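First comes the structure, then the notes that go with it.
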Amino acid sequence: MDRLADKALAAIAPIPDHEVYGRVTKVLGLLVEIAGFGQNLTIGSIVHLRPEKNHNANQNIPCEVIGFKDERALLMPFGQLEGVGLGCLAVIQENEPAICPDDRWLGRVINALAEPIDGKGPLIQGGAPIPLRNKPPAPHSRARVGEKLDLGVRCVNSFLSTCQGQRMGIFAGSGVGKSVVMSMMARYTEADVSVIGLVGERGREVQEFLEDDLGELGLNRSVVIVATGDEPALMRRQAAYTTMAVAEYFRGQGKKVLCMMDSVTRFAMAQREIGLSAGEPPTSKGYPPTTFGELARLLERAGPGEVGEGSITGIFSVLVEGDDHNEPISDAVRGIIDGHIVMERKIAERGRYPAINILKSVSRMMPKCLTPEQNALVTQAKKLVSRYEDMEELIKLGAYRKGSDPEVDQAILRYPLLEDFLSQDKDDCTSIEEGFEMLASCLGMPYQRQDEVEENG
């Protein structure tokens with residue numbers, strides 16, 4: 001009986017003993033003004049609108065406070081505003097926006113409000129709430145990045161080695177294959193948990209991603225957060241916050257977390273819509289100043305936790321508008337994260353997937369995380385690829401004579417082998433050591449696997 005009473009008290013405790021509310025005074029597009037709320041609101045507060053007609057508790061429309069004007073609070077909704085009119089009740093949520101993740105969320109697909117959308121029943125709530133706008137760990141208390149993390153993609157494992165707690169960006173235009181690369185990482189990574197945020201994704205592609213790209217194997221150890229492109233800007237932005245909050249929960253459990261977000265650009269676009277609606281001045285390409293601050297706050301939440309916790313390895317895709325890698329969001333993200341993977345349409349058009357340009361991509365953890373032997377392989381491969389691409393036009397025109405330059409001759413010999421190495425089917429998984437062994441074979445250089453070295457002492 002005591003245990004039953006404790007459970008009942010735990011269920012009753014979150015229910016407020018009173019309500020603070022205001023009234024709707026204006027609705028303009030997706031912007032709602034309310035008055036009569038006293039001193040109970042701040043930026044980011046949640047307010048629930050209650051349409052008067054045919055009202056029931058499930059029809060509450062959650063909104064977020066995005067600004068204040070002339071003693072009125074400005075709200076944007078997480079859903080549609082049907083039924084909302086002047087004088088409509090606006091009930092203020094007193095507690096901070098938070099979610100309560102649990103280990104049993106693995107294998108589930110949820111929306112930005114942490115509600116299940118996969119038809120598998122309700123989510124089991126954990127005991128400890130994680131604020132949606134959580135602060136990153138203090139710099140002085142953070143652990144350092146860990147050892148290399150096997151992502152299963154040999155091009156990334158070899159030329160862009162990623163460590164536990166590192167943050168990498170995948171920069172690509174639309175249709176170049178970044179979602180497929182991310183799904184390969186989710187399936188084949190050695191991380192304990194994958195948390196995948198699909199922010200502003202096309203609705204028809206969500207099921208394709210879950211079934212064809214991610215597959216049952218990848219989904220079983222993943223939590224997928226979805227906000228499609230037709231949803232309000234607040235839902236798209238919230239999906240990014242929910243993704244990071246779920247990843248932080250698993251990091252707090254001491255796990256190695258791979259957190260992937262597709263895409264950060266759509267998060268920035270949602271923040272642009274919100275900022276402009278609140279009256280912020282547009283600056284670079286129409287993005288208001290808060291966009292770049294929100295980007296930094298979001299991405300800084302990934303990385304190593306405090307000493308004794310796990311880590312969040314962040315893979316964030318950036319949709320490069322018009323294939324311009326110097327547009328404002330790309331520039332801002334590159335300055336925050338710890339490396340960038342550049343995918344090019346020109347490489348995809350010649351049939352090589354993943355279409356990663358290894359000469360323009362960089363991991364800031366290299367070369368420290370590789371052995372001298374592995375660094376030598378990477379340096380030689382990049383040298384040959386660079387040499388061949390510098391002379392490519394002359395070679396194809398037949399203007400280059402074999403024997404004129406020994407380095408170019410070597411590049412011509414090895415380049416097709418390196419192209420085959422960089423190409424990988426989405427159903428193919430290659431470990432770090434297997435990748436370096438294959439790379440050594442392409443270059444005709446000796447290589448002893450590190451796992452064999454450790455076994456032999």
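Note on naming: chains are A, B, ... as they come in the structure tokens, residues start from 1 per chain, ligands start from 1 in the order shown.
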Using only C-alpha atoms, what does the table of segment 235-277 of chain A residues within 6 Å of segment 314-322 of chain A look like, with each row giving the shortest atom pair and its distance in Å to one decimal, sorted by chain and ascending number, as CSV?
residue,atom,partner,partner_atom,distance
A:Cys259,CA,A:Gly314,CA,4.9
A:Met260,CA,A:Ile315,CA,4.7
A:Met261,CA,A:Phe316,CA,4.9
A:Asp262,CA,A:Ser317,CA,5.1
A:Ser263,CA,A:Ser317,CA,4.9
A:Val264,CA,A:Val318,CA,5.5
A:Thr265,CA,A:Val318,CA,5.4
- Neighbour list for Glu344 of chain A as a ChimeraX atom specification, cut-off 8 Å, only C-alpha atoms, skip fewer than 6 positions in-chain: /A:172-173,176,355-357
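In terms of minimum interatomic distance to Leu210 of chain A, A:Ser179 ranks closest within A:Ser179, A:Thr42, A:Gln238, A:Ser423, counting only C-alpha atoms.
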Residue neighbourhood Ala112 of chain A, 7 Å, only C-alpha atoms, exclusion window fewer than 2 positions, as a list of chain:residue names | A:Ile110, A:Ala114, A:Ile225, A:Val226, A:Ala227, A:Met235, A:Gln238, A:Ala239, A:Thr242
Go ahead and save the picked residues with N, CA, C and O atoms, as a PDB file, in the first residue's frame.
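Result written to out09.pdb:
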ATOM      1  N   ILE A 110      10.110   9.804 -32.108  1.00  0.00           N
ATOM      2  CA  ILE A 110       9.314  10.789 -31.377  1.00  0.00           C
ATOM      3  C   ILE A 110       9.320  12.111 -32.122  1.00  0.00           C
ATOM      4  O   ILE A 110      10.127  12.332 -33.029  1.00  0.00           O
ATOM      5  N   ALA A 114       8.651  15.400 -27.711  1.00  0.00           N
ATOM      6  CA  ALA A 114       8.947  14.114 -27.046  1.00  0.00           C
ATOM      7  C   ALA A 114       7.685  13.267 -26.906  1.00  0.00           C
ATOM      8  O   ALA A 114       7.485  12.584 -25.907  1.00  0.00           O
ATOM      9  N   ILE A 225      14.348  11.641 -33.578  1.00  0.00           N
ATOM     10  CA  ILE A 225      13.465  12.791 -33.319  1.00  0.00           C
ATOM     11  C   ILE A 225      13.135  13.427 -34.672  1.00  0.00           C
ATOM     12  O   ILE A 225      14.047  13.751 -35.437  1.00  0.00           O
ATOM     13  N   VAL A 226      11.860  13.604 -34.964  1.00  0.00           N
ATOM     14  CA  VAL A 226      11.436  14.046 -36.295  1.00  0.00           C
ATOM     15  C   VAL A 226      10.594  15.315 -36.207  1.00  0.00           C
ATOM     16  O   VAL A 226       9.648  15.401 -35.415  1.00  0.00           O
ATOM     17  N   ALA A 227      10.942  16.295 -37.034  1.00  0.00           N
ATOM     18  CA  ALA A 227      10.085  17.471 -37.271  1.00  0.00           C
ATOM     19  C   ALA A 227      10.150  17.738 -38.766  1.00  0.00           C
ATOM     20  O   ALA A 227      11.206  18.116 -39.281  1.00  0.00           O
ATOM     21  N   MET A 235       8.440  24.058 -33.872  1.00  0.00           N
ATOM     22  CA  MET A 235       8.600  22.612 -33.808  1.00  0.00           C
ATOM     23  C   MET A 235       9.934  22.191 -34.420  1.00  0.00           C
ATOM     24  O   MET A 235      10.615  21.306 -33.892  1.00  0.00           O
ATOM     25  N   GLN A 238      12.558  23.220 -31.964  1.00  0.00           N
ATOM     26  CA  GLN A 238      12.459  22.389 -30.770  1.00  0.00           C
ATOM     27  C   GLN A 238      13.020  20.989 -31.000  1.00  0.00           C
ATOM     28  O   GLN A 238      13.551  20.357 -30.093  1.00  0.00           O
ATOM     29  N   ALA A 239      12.899  20.471 -32.236  1.00  0.00           N
ATOM     30  CA  ALA A 239      13.429  19.146 -32.540  1.00  0.00           C
ATOM     31  C   ALA A 239      14.932  19.085 -32.282  1.00  0.00           C
ATOM     32  O   ALA A 239      15.455  18.076 -31.801  1.00  0.00           O
ATOM     33  N   THR A 242      15.405  18.994 -28.479  1.00  0.00           N
ATOM     34  CA  THR A 242      15.035  17.675 -27.954  1.00  0.00           C
ATOM     35  C   THR A 242      16.115  16.649 -28.274  1.00  0.00           C
ATOM     36  O   THR A 242      16.456  15.797 -27.447  1.00  0.00           O
TER      37      THR A 242
END
Any chance you could list, as a VMD selection string, the residues in segment 236-408 of chain A that come up helix (DSSP H, G or I) when DSSP is run on the backbone? chain A and resid 236 to 252 264 to 277 284 to 286 289 to 300 321 to 323 328 to 336 345 to 349 372 to 390 392 to 397 406 to 408
Just list the residues in segment 30-198 of chain A DSSP gives strand (DSSP E or B) on the backbone, as a PyMOL selection string.
chain A and resi 31-35+46-50+61-69+72-77+89-92+98-99+108-111+116+130-131+142+148+163+167-172+193-198
Residues within 6 Å of Gly200 of chain A, only C-alpha atoms, excluding chain neighbours under 6 positions, as a PyMOL selection string:
chain A and resi 227-229+236+266
Go through segment 67-175 of chain A and flag each residue having an atom no more than 12 Å from segment 359-380 of chain A; for those, report the closest pair of atoms plus their distance in Å to one decimal, using only C-alpha atoms, ordered by chain and rising number, as a tab-separated table.
residue	atom	partner	partner_atom	distance
A:Arg144	CA	A:Met365	CA	11.4
A:Val145	CA	A:Met365	CA	8.9
A:Gly146	CA	A:Cys369	CA	9.2
A:Glu147	CA	A:Cys369	CA	7.0
A:Lys148	CA	A:Cys369	CA	6.6
A:Leu149	CA	A:Cys369	CA	10.3
A:Cys155	CA	A:Val378	CA	10.5
A:Val156	CA	A:Ser363	CA	9.3
A:Asn157	CA	A:Leu370	CA	10.4
A:Ser158	CA	A:Val378	CA	7.1
A:Phe159	CA	A:Val378	CA	6.2
A:Leu160	CA	A:Ser363	CA	5.1
A:Ser161	CA	A:Ser363	CA	6.6
A:Thr162	CA	A:Ser363	CA	6.9
A:Cys163	CA	A:Met365	CA	7.0
A:Gln164	CA	A:Met365	CA	10.3
A:Gly165	CA	A:Met365	CA	10.6
A:Gln166	CA	A:Met365	CA	7.9
A:Arg167	CA	A:Ser363	CA	9.3
A:Met168	CA	A:Ser363	CA	7.6
A:Gly169	CA	A:Ser363	CA	9.8
A:Ile170	CA	A:Ser361	CA	9.3
A:Phe171	CA	A:Ser361	CA	9.3
A:Ala172	CA	A:Ser361	CA	11.6
Take the residues just selected and output them with N, CA, C and O atoms as a compact mmCIF listing (two decimals), in the first residue's frame.
# COMPACT_ATOMS: atom_id res chain seq x y z
N ARG A 144 38.53 15.62 -21.62
CA ARG A 144 39.09 15.81 -22.96
C ARG A 144 38.49 14.78 -23.91
O ARG A 144 37.89 13.80 -23.49
N VAL A 145 38.63 15.03 -25.22
CA VAL A 145 38.10 14.06 -26.19
C VAL A 145 38.81 12.73 -26.01
O VAL A 145 39.97 12.66 -25.57
N GLY A 146 38.10 11.65 -26.34
CA GLY A 146 38.63 10.31 -26.12
C GLY A 146 39.37 9.75 -27.32
O GLY A 146 39.87 10.49 -28.18
N GLU A 147 39.39 8.43 -27.40
CA GLU A 147 40.08 7.74 -28.49
C GLU A 147 39.24 7.81 -29.77
O GLU A 147 38.13 8.31 -29.78
N LYS A 148 39.81 7.27 -30.86
CA LYS A 148 39.11 7.25 -32.14
C LYS A 148 37.79 6.50 -32.01
O LYS A 148 37.69 5.50 -31.30
N LEU A 149 36.79 6.99 -32.72
CA LEU A 149 35.48 6.33 -32.75
C LEU A 149 35.28 5.74 -34.14
O LEU A 149 35.36 6.44 -35.14
N CYS A 155 36.31 6.04 -45.67
CA CYS A 155 36.85 7.34 -46.06
C CYS A 155 36.97 8.25 -44.85
O CYS A 155 37.98 8.93 -44.66
N VAL A 156 35.94 8.25 -43.98
CA VAL A 156 35.95 9.09 -42.78
C VAL A 156 36.92 8.52 -41.75
O VAL A 156 37.70 9.26 -41.14
N ASN A 157 36.89 7.21 -41.54
CA ASN A 157 37.79 6.59 -40.56
C ASN A 157 39.25 6.83 -40.88
O ASN A 157 40.07 6.99 -39.97
N SER A 158 39.60 6.86 -42.16
CA SER A 158 41.01 6.97 -42.55
C SER A 158 41.46 8.41 -42.71
O SER A 158 42.47 8.82 -42.14
N PHE A 159 40.72 9.19 -43.48
CA PHE A 159 41.18 10.55 -43.80
C PHE A 159 40.62 11.61 -42.86
O PHE A 159 41.12 12.74 -42.84
N LEU A 160 39.57 11.27 -42.10
CA LEU A 160 38.94 12.26 -41.21
C LEU A 160 38.64 11.61 -39.87
O LEU A 160 37.51 11.67 -39.37
N SER A 161 39.65 10.98 -39.31
CA SER A 161 39.47 10.23 -38.06
C SER A 161 38.77 11.10 -37.02
O SER A 161 39.16 12.23 -36.76
N THR A 162 37.72 10.53 -36.42
CA THR A 162 36.87 11.26 -35.48
C THR A 162 37.00 10.63 -34.10
O THR A 162 36.90 9.41 -33.96
N CYS A 163 37.22 11.45 -33.08
CA CYS A 163 37.40 10.96 -31.72
C CYS A 163 36.10 11.07 -30.93
O CYS A 163 35.20 11.83 -31.28
N GLN A 164 36.01 10.31 -29.84
CA GLN A 164 34.85 10.36 -28.97
C GLN A 164 34.73 11.75 -28.34
O GLN A 164 35.65 12.20 -27.67
N GLY A 165 33.61 12.41 -28.58
CA GLY A 165 33.41 13.75 -28.07
C GLY A 165 33.74 14.84 -29.06
O GLY A 165 33.57 16.03 -28.75
N GLN A 166 34.18 14.49 -30.26
CA GLN A 166 34.46 15.48 -31.28
C GLN A 166 33.18 15.88 -31.99
O GLN A 166 32.19 15.15 -32.00
N ARG A 167 33.16 17.08 -32.58
CA ARG A 167 32.01 17.56 -33.33
C ARG A 167 32.43 17.80 -34.78
O ARG A 167 33.34 18.58 -35.03
N MET A 168 31.76 17.12 -35.70
CA MET A 168 32.08 17.22 -37.13
C MET A 168 30.86 17.70 -37.90
O MET A 168 29.71 17.40 -37.53
N GLY A 169 31.09 18.43 -38.98
CA GLY A 169 30.01 18.87 -39.84
C GLY A 169 30.11 18.21 -41.20
O GLY A 169 31.22 18.01 -41.72
N ILE A 170 28.98 17.84 -41.77
CA ILE A 170 28.93 17.34 -43.15
C ILE A 170 28.33 18.44 -44.00
O ILE A 170 27.14 18.76 -43.88
N PHE A 171 29.14 19.03 -44.86
CA PHE A 171 28.72 20.18 -45.67
C PHE A 171 28.43 19.69 -47.08
O PHE A 171 29.31 19.15 -47.76
N ALA A 172 27.19 19.87 -47.54
CA ALA A 172 26.81 19.39 -48.87
C ALA A 172 25.58 20.11 -49.36
O ALA A 172 24.76 20.58 -48.56
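Coordinates place atom CA of Ile432 of chain A at a distance of 8.2 Å from atom CA of Leu151 of chain A.
With only C-alpha atoms as the atoms that count, the residue of A:Arg334, A:Lys178, A:Arg352, A:Arg133 with the shortest distance to Ala240 of chain A is A:Arg133.
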